[in-house]
Amino acid sequence: MIGSSQRRPFAMTGLSLLEMLVVLVLASLLATLLVQGLGFFLSSSDTARRYASRASEAHQRQHWFASSVRSMVPYLDPQRAFAGDAASFSGITLEPLGSEPGLPKQVRWSIEPDRESLRYAESGGPQARAAAWTVLRAPGEALRFQYADRAGDWHAKWPVAEVAREWIPGQVRLVGEDGRTFLSAHLALHPVPVANFLEPL
């Protein structure tokens with residue numbers, strides 16, 4: 001018979017209270033870090049999505065402006081000739097935004113009276129409806145158009161008396177009050193009217 005002094009001590013199984021507390025603290029720290037990381041990821045994802053949306057909108061506006069302007073054709077007829085000032089310009093384009101491309105269409109880009117919004121409009125034909133919409137809003141900016149001749153000099157209006165025999169500018173841009181460029185487009189056609197666009201005088 002084994003005496004009481006020789007009995008084996010009671011074997012402890014499971015976790016003690018202190019160990020349980022340590023595990024709970026570590027688990028709560030990991031959960032907190034996980035929630036914070038998830039929140040940061042979602043916030044970063046939302047910010048990236050907003051920037052991508054803005055970039056896509058800016059690219060779309062630039063594409064609209066460039067495609068319409070680069071396809072403008074030179075006419076000698078004053079009713080169809082390209083003409084512009086700081087607030088607006090108009091002319092005949094082969095790539096209207098609201099009509100079938102390839103057919104000449106009278107279009108007008110203009111800065112609205114608030115001087116902070118850009119508007120596009122095209123005339124309607126006998127069987128077509130006129131199209132118009134606001135393309136750009138730039139709160140706090142005083143927008144204006146500028147026109148470059150073949151030498152690269154910028155002017156506040158077109159045509160320019162000092163520039164002989166240039167019926168359309170080489171480039172058109174929309175700038176803000178501080179000179180920052182919002183939209184820009186090169187005109188693809190040669191600035192001298194081709195035979196198809198010569199009007200009887």
# chains A, B, ... in the order shown; residues from 1 in each chain; ligands from 1
call {"tool": "residues_around", "arguments": {"residues": "Gly91 of chain A", "least_positions_apart": "3", "cutoff": "8 Å", "atoms": "only C-alpha atoms", "output": "number ranges by chain"}}
result
A: 72-73, 80-83, 106-108
call {"tool": "select_by_dssp", "arguments": {"residues": "chain A", "states": "strand (DSSP E)", "output": "ChimeraX atom specification"}}
result
/A:72-73,83-84,88-93,105-111,117-122,131-137,144-148,154-155,171-175,181-186
call {"tool": "select_by_dssp", "arguments": {"residues": "chain A", "states": "alpha helix (DSSP H)", "output": "PyMOL selection string"}}
result
chain A and resi 17-70
call {"tool": "write_last_selection", "arguments": {"atoms": "N, CA and C atoms", "output": "compact mmCIF listing (two decimals), in the first residue's frame"}}
result
# COMPACT_ATOMS: atom_id res chain seq x y z
N LEU A 17 -6.38 30.01 -15.79
CA LEU A 17 -7.08 31.29 -15.97
C LEU A 17 -6.17 32.33 -16.58
N LEU A 18 -4.92 32.38 -16.16
CA LEU A 18 -3.97 33.35 -16.70
C LEU A 18 -3.70 33.08 -18.18
N GLU A 19 -3.51 31.82 -18.52
CA GLU A 19 -3.29 31.48 -19.93
C GLU A 19 -4.51 31.83 -20.77
N MET A 20 -5.71 31.60 -20.25
CA MET A 20 -6.94 31.94 -20.97
C MET A 20 -7.02 33.44 -21.22
N LEU A 21 -6.63 34.24 -20.22
CA LEU A 21 -6.66 35.70 -20.37
C LEU A 21 -5.66 36.14 -21.45
N VAL A 22 -4.48 35.54 -21.46
CA VAL A 22 -3.47 35.89 -22.47
C VAL A 22 -3.99 35.56 -23.87
N VAL A 23 -4.60 34.39 -24.02
CA VAL A 23 -5.15 34.00 -25.33
C VAL A 23 -6.23 34.97 -25.78
N LEU A 24 -7.12 35.38 -24.85
CA LEU A 24 -8.19 36.31 -25.19
C LEU A 24 -7.64 37.67 -25.60
N VAL A 25 -6.60 38.14 -24.88
CA VAL A 25 -5.99 39.44 -25.23
C VAL A 25 -5.36 39.37 -26.60
N LEU A 26 -4.62 38.30 -26.90
CA LEU A 26 -4.00 38.16 -28.21
C LEU A 26 -5.04 38.06 -29.32
N ALA A 27 -6.11 37.32 -29.07
CA ALA A 27 -7.16 37.18 -30.07
C ALA A 27 -7.84 38.52 -30.34
N SER A 28 -8.08 39.30 -29.28
CA SER A 28 -8.71 40.61 -29.47
C SER A 28 -7.78 41.57 -30.22
N LEU A 29 -6.46 41.50 -29.94
CA LEU A 29 -5.50 42.33 -30.68
C LEU A 29 -5.49 41.95 -32.16
N LEU A 30 -5.48 40.67 -32.45
CA LEU A 30 -5.49 40.22 -33.84
C LEU A 30 -6.79 40.64 -34.54
N ALA A 31 -7.90 40.53 -33.84
CA ALA A 31 -9.18 40.94 -34.43
C ALA A 31 -9.19 42.44 -34.70
N THR A 32 -8.65 43.22 -33.77
CA THR A 32 -8.59 44.68 -33.96
C THR A 32 -7.73 45.03 -35.17
N LEU A 33 -6.56 44.40 -35.27
CA LEU A 33 -5.67 44.64 -36.41
C LEU A 33 -6.34 44.24 -37.72
N LEU A 34 -7.06 43.13 -37.70
CA LEU A 34 -7.75 42.66 -38.90
C LEU A 34 -8.83 43.64 -39.33
N VAL A 35 -9.62 44.13 -38.36
CA VAL A 35 -10.69 45.09 -38.68
C VAL A 35 -10.09 46.40 -39.20
N GLN A 36 -9.01 46.87 -38.57
CA GLN A 36 -8.36 48.10 -39.02
C GLN A 36 -7.78 47.93 -40.43
N GLY A 37 -7.16 46.80 -40.68
CA GLY A 37 -6.61 46.54 -42.00
C GLY A 37 -7.68 46.46 -43.06
N LEU A 38 -8.80 45.83 -42.73
CA LEU A 38 -9.92 45.74 -43.67
C LEU A 38 -10.50 47.12 -43.95
N GLY A 39 -10.63 47.93 -42.88
CA GLY A 39 -11.14 49.29 -43.06
C GLY A 39 -10.21 50.12 -43.93
N PHE A 40 -8.90 50.01 -43.71
CA PHE A 40 -7.92 50.74 -44.53
C PHE A 40 -7.98 50.28 -45.99
N PHE A 41 -8.12 48.97 -46.18
CA PHE A 41 -8.20 48.45 -47.55
C PHE A 41 -9.45 48.97 -48.25
N LEU A 42 -10.59 48.95 -47.56
CA LEU A 42 -11.83 49.43 -48.17
C LEU A 42 -11.76 50.92 -48.48
N SER A 43 -11.16 51.68 -47.56
CA SER A 43 -11.01 53.12 -47.78
C SER A 43 -10.09 53.40 -48.97
N SER A 44 -8.97 52.67 -49.05
CA SER A 44 -8.05 52.83 -50.18
C SER A 44 -8.70 52.42 -51.49
N SER A 45 -9.47 51.35 -51.44
CA SER A 45 -10.16 50.89 -52.64
C SER A 45 -11.17 51.93 -53.12
N ASP A 46 -11.90 52.53 -52.18
CA ASP A 46 -12.88 53.56 -52.53
C ASP A 46 -12.18 54.79 -53.11
N THR A 47 -11.07 55.20 -52.52
CA THR A 47 -10.31 56.34 -53.03
C THR A 47 -9.79 56.06 -54.44
N ALA A 48 -9.24 54.87 -54.64
CA ALA A 48 -8.74 54.51 -55.97
C ALA A 48 -9.87 54.49 -56.99
N ARG A 49 -11.04 54.00 -56.58
CA ARG A 49 -12.19 53.96 -57.49
C ARG A 49 -12.62 55.39 -57.86
N ARG A 50 -12.61 56.31 -56.88
CA ARG A 50 -12.98 57.69 -57.17
C ARG A 50 -11.99 58.34 -58.13
N TYR A 51 -10.69 58.12 -57.89
CA TYR A 51 -9.68 58.68 -58.79
C TYR A 51 -9.81 58.11 -60.19
N ALA A 52 -10.07 56.81 -60.29
CA ALA A 52 -10.24 56.18 -61.60
C ALA A 52 -11.46 56.73 -62.32
N SER A 53 -12.54 56.98 -61.57
CA SER A 53 -13.74 57.54 -62.16
C SER A 53 -13.48 58.95 -62.68
N ARG A 54 -12.77 59.76 -61.89
CA ARG A 54 -12.45 61.12 -62.33
C ARG A 54 -11.55 61.10 -63.55
N ALA A 55 -10.55 60.21 -63.53
CA ALA A 55 -9.65 60.11 -64.69
C ALA A 55 -10.41 59.67 -65.93
N SER A 56 -11.35 58.75 -65.77
CA SER A 56 -12.14 58.29 -66.91
C SER A 56 -13.01 59.41 -67.46
N GLU A 57 -13.62 60.21 -66.57
CA GLU A 57 -14.44 61.33 -67.01
C GLU A 57 -13.58 62.37 -67.73
N ALA A 58 -12.40 62.66 -67.18
CA ALA A 58 -11.51 63.64 -67.82
C ALA A 58 -11.07 63.15 -69.19
N HIS A 59 -10.75 61.86 -69.28
CA HIS A 59 -10.35 61.29 -70.58
C HIS A 59 -11.50 61.37 -71.58
N GLN A 60 -12.71 61.09 -71.13
CA GLN A 60 -13.87 61.14 -72.02
C GLN A 60 -14.10 62.56 -72.52
N ARG A 61 -14.00 63.57 -71.63
CA ARG A 61 -14.17 64.96 -72.05
C ARG A 61 -13.11 65.35 -73.06
N GLN A 62 -11.85 64.95 -72.80
CA GLN A 62 -10.77 65.28 -73.74
C GLN A 62 -11.01 64.61 -75.09
N HIS A 63 -11.49 63.37 -75.06
CA HIS A 63 -11.78 62.67 -76.31
C HIS A 63 -12.88 63.36 -77.10
N TRP A 64 -13.95 63.75 -76.42
CA TRP A 64 -15.05 64.46 -77.09
C TRP A 64 -14.54 65.73 -77.74
N PHE A 65 -13.81 66.52 -76.96
CA PHE A 65 -13.32 67.81 -77.47
C PHE A 65 -12.38 67.60 -78.65
N ALA A 66 -11.41 66.69 -78.48
CA ALA A 66 -10.40 66.48 -79.52
C ALA A 66 -11.02 65.92 -80.79
N SER A 67 -11.91 64.94 -80.68
CA SER A 67 -12.48 64.33 -81.88
C SER A 67 -13.33 65.32 -82.65
N SER A 68 -14.06 66.17 -81.94
CA SER A 68 -14.89 67.17 -82.62
C SER A 68 -14.04 68.25 -83.28
N VAL A 69 -13.03 68.73 -82.57
CA VAL A 69 -12.24 69.87 -83.06
C VAL A 69 -11.25 69.45 -84.14
N ARG A 70 -10.61 68.29 -83.99
CA ARG A 70 -9.57 67.92 -84.94
C ARG A 70 -10.13 67.68 -86.35
call {"tool": "residues_around", "arguments": {"residues": "segment 176-181 of chain A", "least_positions_apart": "4", "cutoff": "9 Å", "atoms": "only C-alpha atoms", "output": "list in words"}}
result
Glu116, Ala138, Glu141, Ala142, Leu143, Arg144 and Phe145 of chain A
call {"tool": "closest_residue", "arguments": {"among": "A:Asp85, A:Glu122, A:Gln146, A:Pro113", "to": "Glu100 of chain A", "atoms": "only C-alpha atoms"}}
result
A:Glu122
call {"tool": "closest_residue", "arguments": {"among": "A:Leu97, A:Leu118, A:Pro139, A:Ala87", "to": "Leu183 of chain A", "atoms": "only C-alpha atoms"}}
result
A:Leu118
call {"tool": "residues_around", "arguments": {"residues": "Val163 of chain A", "least_positions_apart": "5", "cutoff": "12 Å", "atoms": "only C-alpha atoms", "output": "VMD selection string"}}
result
chain A and resid 147 to 155 157 to 158 168 to 170 191
call {"tool": "atom_distance", "arguments": {"atom1": "atom CA of Ala132 of chain A", "atom2": "atom CA of Gly102 of chain A"}}
result
19.0 Å
call {"tool": "atom_distance", "arguments": {"atom1": "atom CA of Ser110 of chain A", "atom2": "atom CA of Ala161 of chain A"}}
result
22.3 Å
call {"tool": "closest_residue", "arguments": {"among": "A:Ala156, A:Leu76, A:Ile92, A:Ala86", "to": "Leu187 of chain A", "atoms": "only C-alpha atoms"}}
result
A:Ile92
call {"tool": "decode", "arguments": {"residues": "segment 42-61 of chain A", "atoms": "N, CA and C atoms", "output": "CSV table (one decimal), in the first residue's frame"}}
result
chain,number,residue,atom,x,y,z
A,42,LEU,N,-10.6,49.0,-47.6
A,42,LEU,CA,-11.8,49.4,-48.2
A,42,LEU,C,-11.8,50.9,-48.5
A,43,SER,N,-11.2,51.7,-47.6
A,43,SER,CA,-11.0,53.1,-47.8
A,43,SER,C,-10.1,53.4,-49.0
A,44,SER,N,-9.0,52.7,-49.1
A,44,SER,CA,-8.0,52.8,-50.2
A,44,SER,C,-8.7,52.4,-51.5
A,45,SER,N,-9.5,51.3,-51.4
A,45,SER,CA,-10.2,50.9,-52.6
A,45,SER,C,-11.2,51.9,-53.1
A,46,ASP,N,-11.9,52.5,-52.2
A,46,ASP,CA,-12.9,53.6,-52.5
A,46,ASP,C,-12.2,54.8,-53.1
A,47,THR,N,-11.1,55.2,-52.5
A,47,THR,CA,-10.3,56.3,-53.0
A,47,THR,C,-9.8,56.1,-54.4
A,48,ALA,N,-9.2,54.9,-54.6
A,48,ALA,CA,-8.7,54.5,-56.0
A,48,ALA,C,-9.9,54.5,-57.0
A,49,ARG,N,-11.0,54.0,-56.6
A,49,ARG,CA,-12.2,54.0,-57.5
A,49,ARG,C,-12.6,55.4,-57.9
A,50,ARG,N,-12.6,56.3,-56.9
A,50,ARG,CA,-13.0,57.7,-57.2
A,50,ARG,C,-12.0,58.3,-58.1
A,51,TYR,N,-10.7,58.1,-57.9
A,51,TYR,CA,-9.7,58.7,-58.8
A,51,TYR,C,-9.8,58.1,-60.2
A,52,ALA,N,-10.1,56.8,-60.3
A,52,ALA,CA,-10.2,56.2,-61.6
A,52,ALA,C,-11.5,56.7,-62.3
A,53,SER,N,-12.5,57.0,-61.6
A,53,SER,CA,-13.7,57.5,-62.2
A,53,SER,C,-13.5,58.9,-62.7
A,54,ARG,N,-12.8,59.8,-61.9
A,54,ARG,CA,-12.5,61.1,-62.3
A,54,ARG,C,-11.6,61.1,-63.6
A,55,ALA,N,-10.6,60.2,-63.5
A,55,ALA,CA,-9.7,60.1,-64.7
A,55,ALA,C,-10.4,59.7,-65.9
A,56,SER,N,-11.4,58.7,-65.8
A,56,SER,CA,-12.1,58.3,-66.9
A,56,SER,C,-13.0,59.4,-67.5
A,57,GLU,N,-13.6,60.2,-66.6
A,57,GLU,CA,-14.4,61.3,-67.0
A,57,GLU,C,-13.6,62.4,-67.7
A,58,ALA,N,-12.4,62.7,-67.2
A,58,ALA,CA,-11.5,63.6,-67.8
A,58,ALA,C,-11.1,63.2,-69.2
A,59,HIS,N,-10.8,61.9,-69.3
A,59,HIS,CA,-10.4,61.3,-70.6
A,59,HIS,C,-11.5,61.4,-71.6
A,60,GLN,N,-12.7,61.1,-71.1
A,60,GLN,CA,-13.9,61.1,-72.0
A,60,GLN,C,-14.1,62.6,-72.5
A,61,ARG,N,-14.0,63.6,-71.6
A,61,ARG,CA,-14.2,65.0,-72.0
A,61,ARG,C,-13.1,65.4,-73.1
